[in-house]
Structure formats: C-alpha cells, structure tokens
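Source file: coords.csv. Holds: CSV, C-alpha atoms.
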```csv
chain,number,residue,atom,x,y,z
T,21,MET,CA,152.3,142.0,114.0
T,22,THR,CA,149.8,139.8,115.9
T,23,GLU,CA,150.6,136.2,115.9
T,24,LEU,CA,147.7,133.9,114.9
T,25,PRO,CA,146.9,131.0,117.2
T,26,ARG,CA,148.5,127.7,116.2
T,27,PRO,CA,146.2,124.8,115.5
T,28,PRO,CA,146.5,121.9,117.9
T,29,ALA,CA,149.1,119.2,117.2
T,30,PRO,CA,147.6,116.0,115.8
T,31,GLY,CA,146.2,113.9,118.7
T,32,ASP,CA,146.2,116.9,121.1
T,33,ARG,CA,142.8,116.7,122.9
T,34,SER,CA,143.5,119.3,125.6
T,35,GLY,CA,140.8,121.7,124.4
T,36,TRP,CA,138.3,118.9,123.6
T,37,THR,CA,135.1,119.0,125.5
T,38,GLY,CA,133.7,115.6,124.4
T,39,LEU,CA,130.6,117.2,123.1
T,40,GLU,CA,130.4,116.5,119.4
T,41,GLU,CA,127.2,118.4,118.9
T,42,PRO,CA,126.2,120.6,121.8
T,43,LEU,CA,123.0,121.9,120.0
T,44,VAL,CA,121.3,118.5,120.0
T,45,ALA,CA,118.6,117.9,122.5
T,46,ARG,CA,116.9,114.6,123.2
T,47,SER,CA,113.6,116.3,122.5
T,48,ASP,CA,114.7,116.7,118.9
T,49,ALA,CA,114.4,113.0,118.4
T,50,ALA,CA,110.9,112.9,119.9
T,51,GLU,CA,109.8,115.9,117.7
T,52,LEU,CA,111.1,114.1,114.6
T,53,ARG,CA,109.3,110.9,115.5
T,54,GLU,CA,106.0,112.8,116.0
T,55,ALA,CA,106.4,114.5,112.6
T,56,LEU,CA,107.3,111.3,110.9
T,57,ASN,CA,104.2,109.6,112.3
T,58,LYS,CA,102.1,112.5,111.0
T,59,PHE,CA,103.6,112.0,107.5
T,60,LEU,CA,103.3,108.3,107.5
T,61,GLY,CA,99.8,108.5,108.9
T,62,GLY,CA,98.7,110.8,106.1
T,63,GLN,CA,98.2,113.9,108.3
T,64,TRP,CA,101.1,115.7,106.5
T,65,ASP,CA,101.7,115.9,102.8
T,66,ASP,CA,105.1,115.7,101.1
T,67,GLY,CA,105.6,119.4,101.3
T,68,GLN,CA,105.0,119.6,105.1
T,69,TRP,CA,107.3,116.6,105.6
T,70,THR,CA,110.0,118.1,103.4
T,71,ALA,CA,109.9,121.5,105.1
T,72,PHE,CA,110.2,119.8,108.5
T,73,ARG,CA,112.9,117.1,107.8
T,74,LEU,CA,115.4,119.5,106.2
T,75,ARG,CA,116.0,121.1,109.6
T,76,TYR,CA,117.3,117.7,110.7
T,77,GLY,CA,119.6,117.2,107.8
T,78,ILE,CA,117.3,114.6,106.2
T,79,TYR,CA,117.0,114.9,102.4
T,80,GLY,CA,114.8,113.0,100.0
T,81,GLN,CA,116.4,110.8,97.4
T,82,LEU,CA,115.3,110.1,93.8
T,83,GLN,CA,114.6,106.5,94.9
T,84,PRO,CA,111.2,106.2,96.5
T,85,GLY,CA,110.9,105.4,100.2
T,86,VAL,CA,114.4,106.3,101.3
T,87,GLN,CA,116.2,109.4,102.7
T,88,MET,CA,119.7,110.6,103.0
T,89,PHE,CA,121.1,111.9,106.3
T,90,ARG,CA,123.7,114.7,106.3
T,91,LEU,CA,125.6,114.7,109.6
T,92,LYS,CA,127.4,117.8,110.8
T,93,VAL,CA,131.0,117.6,111.7
T,94,PRO,CA,131.8,120.9,113.4
T,95,GLY,CA,135.3,122.1,112.4
T,96,GLY,CA,135.9,118.8,110.6
T,97,ILE,CA,137.1,117.2,113.9
T,98,VAL,CA,135.9,113.7,114.4
T,99,SER,CA,136.5,111.7,117.6
T,100,PHE,CA,137.0,107.9,117.3
T,101,ASP,CA,133.7,107.3,119.1
T,102,HIS,CA,131.9,109.7,116.8
T,103,ALA,CA,133.2,107.9,113.7
T,104,ARG,CA,132.3,104.6,115.1
T,105,GLY,CA,128.8,105.9,115.9
T,106,VAL,CA,128.4,107.1,112.3
T,107,ALA,CA,129.5,103.8,111.0
T,108,GLU,CA,127.0,102.0,113.3
T,109,VAL,CA,124.1,104.1,112.0
T,110,ALA,CA,125.2,103.4,108.4
T,111,ARG,CA,125.3,99.7,109.0
T,112,GLN,CA,122.0,99.5,110.8
T,113,PHE,CA,119.9,101.9,108.7
T,114,GLY,CA,121.8,102.6,105.5
T,115,GLN,CA,123.7,100.3,103.1
T,116,GLY,CA,126.8,100.5,105.2
T,117,ASP,CA,128.6,103.2,103.3
T,118,VAL,CA,129.4,106.7,104.7
T,119,HIS,CA,130.2,109.5,102.2
T,120,VAL,CA,132.5,112.3,103.3
T,121,THR,CA,131.5,115.6,101.6
T,122,THR,CA,133.8,118.3,100.4
T,123,ARG,CA,132.6,120.3,103.4
T,124,GLN,CA,133.8,117.6,105.8
T,125,ASP,CA,130.4,116.4,106.7
T,126,PHE,CA,129.1,112.8,106.5
T,127,GLN,CA,126.2,111.5,104.4
T,128,ILE,CA,124.4,108.2,104.9
T,129,TYR,CA,122.2,107.2,102.0
T,130,TYR,CA,119.2,104.8,101.6
T,131,VAL,CA,117.7,105.2,105.1
T,132,LYS,CA,114.2,103.8,104.8
T,133,THR,CA,111.7,106.6,105.5
T,134,ALA,CA,109.8,104.5,108.0
T,135,GLU,CA,113.1,104.1,109.9
T,136,VAL,CA,114.2,107.7,110.0
T,137,ALA,CA,113.1,108.3,113.6
T,138,ASP,CA,114.9,105.1,114.8
T,139,ALA,CA,118.1,106.1,113.0
T,140,TYR,CA,117.9,109.6,114.5
T,141,ASP,CA,117.3,108.2,118.0
T,142,LEU,CA,120.5,106.1,117.6
T,143,MET,CA,122.5,109.1,116.3
T,144,SER,CA,121.3,111.2,119.2
T,145,GLU,CA,122.2,108.5,121.8
T,146,LEU,CA,125.7,108.4,120.2
T,147,GLY,CA,126.0,112.2,120.1
T,148,VAL,CA,125.9,112.3,116.3
T,149,THR,CA,123.5,114.4,114.2
```
Please render this file's structure as structure tokens.
Amino acid sequence: MTELPRPPAPGDRSGWTGLEEPLVARSDAAELREALNKFLGGQWDDGQWTAFRLRYGIYGQLQPGVQMFRLKVPGGIVSFDHARGVAEVARQFGQGDVHVTTRQDFQIYYVKTAEVADAYDLMSELGVT
C-alpha cells in the first residue's frame, strides 16, 4: 500500500515559497485601472464592466456604487503578512470587516467603485489578490 504524504506540522514553513499568489502580475493592476476608467468615463456600459471585473474577483453588490472583492487563498494557507495585508485593504477601502468563506477565501465588502483600482493596487503590492 502506498503511503500518502503527511501534511506539514502547524508552523512548518520548510516548503513555503513566500509567494502567496504567483499568478499576479503588476500589469494586472494597470489593466484594471484602465478598464475602470473606461467604465467611469462612460466608454463601457455595465455589461462590459461586469464581464471584465469578474476576472479579478470583483463582484457587484445590491447597494449602488460599491463592489465586493473576493480574495483567493490557495490551499487555505495564509501567512501572517498576507492576513495583515487583507486587513489593511479592508480598513482602507471597505468597512473594516473581512469575511471568510466556506471555501477558505476572503471577501471584503463595500469597496467604492471609484476606489476599486486603488484597492487592487494595494493588494497587488502586498501580494494579495
């Protein structure tokens, strides 16, 4: 019988690379800012903005003028710096609360639509998306 690999012991960081989200590129933030400016400037309608923002984990809310950010947490593993970064984004751009989903992701509600690109910039700098 093949033995399955054992999960790391709590606090064991020997296999940790330090990259919370290796698929994030700084160009993503610039692309999001450009799209947001098109939407806010009237070049894009709601449908175009919706189709674009969903790729970034940005969801509309029932309340007008605000968005919800869903932040990926690969494997449900969160470093201390990552958690602090999420909290900082929630304080600066949301209402200070971070919701943990049943799928071990984070959600930040009530981010003003006009501040979406600024919030994403900060998240990218902190390695959080």
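Nearest to T:Ala139 of all the residues T:Glu54, T:Asp117, T:Glu108, T:Asp101 is T:Glu108, based on all atoms listed in the file.
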Inset, instruction - Go ahead and compute the interatomic distance for atom CA of T:Ala107 and atom CA of T:Glu51, in Å to one decimal. - result: 24.1 Å
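Here atom CA of T:Gln81 is placed at a distance of 17.8 Å from atom CA of T:Val109.
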Inset, instruction - Counting only C-alpha atoms, write as a count of residues only all protein and nucleic acid residues lying at most 10 Å from (124.1, 110.8, 103.6) in the file's frame. - result: 23
Legend entry - Shortest interatomic distance to T:Gly67 - which of T:Arg104, T:Gly80, T:Gln124, T:Gly85, counting all atoms listed in the file: T:Gly80
Which neighbours of T:Thr149 fall inside 7 Å, counting all atoms listed in the file, when residues of the same chain fewer than 2 positions from it are skipped, and could you give them as a compact mmCIF listing (two decimals) with C-alpha atoms, in the coordinates of the input?
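Done, and the output landed in selection20.txt:
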```txt
# COMPACT_ATOMS: atom_id res chain seq x y z
CA LEU T 91 125.60 114.70 109.60
CA LYS T 92 127.40 117.80 110.80
CA MET T 143 122.50 109.10 116.30
CA SER T 144 121.30 111.20 119.20
CA GLY T 147 126.00 112.20 120.10
```
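Proximity ranking of T:Lys132, T:Leu82, T:Leu60, T:Arg75 relative to T:Gln115 places T:Lys132 first, based on all atoms listed in the file.
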Inset, instruction - Measure the distance from atom CA of T:Ala134 to atom CA of T:Gln83 in Å and round it to one decimal. - result: 14.1 Å
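Using all atoms listed in the file, the nearest neighbour of T:Gly105 within the list T:Leu74, T:Leu142, T:Val86, T:Ala137 is T:Leu142.
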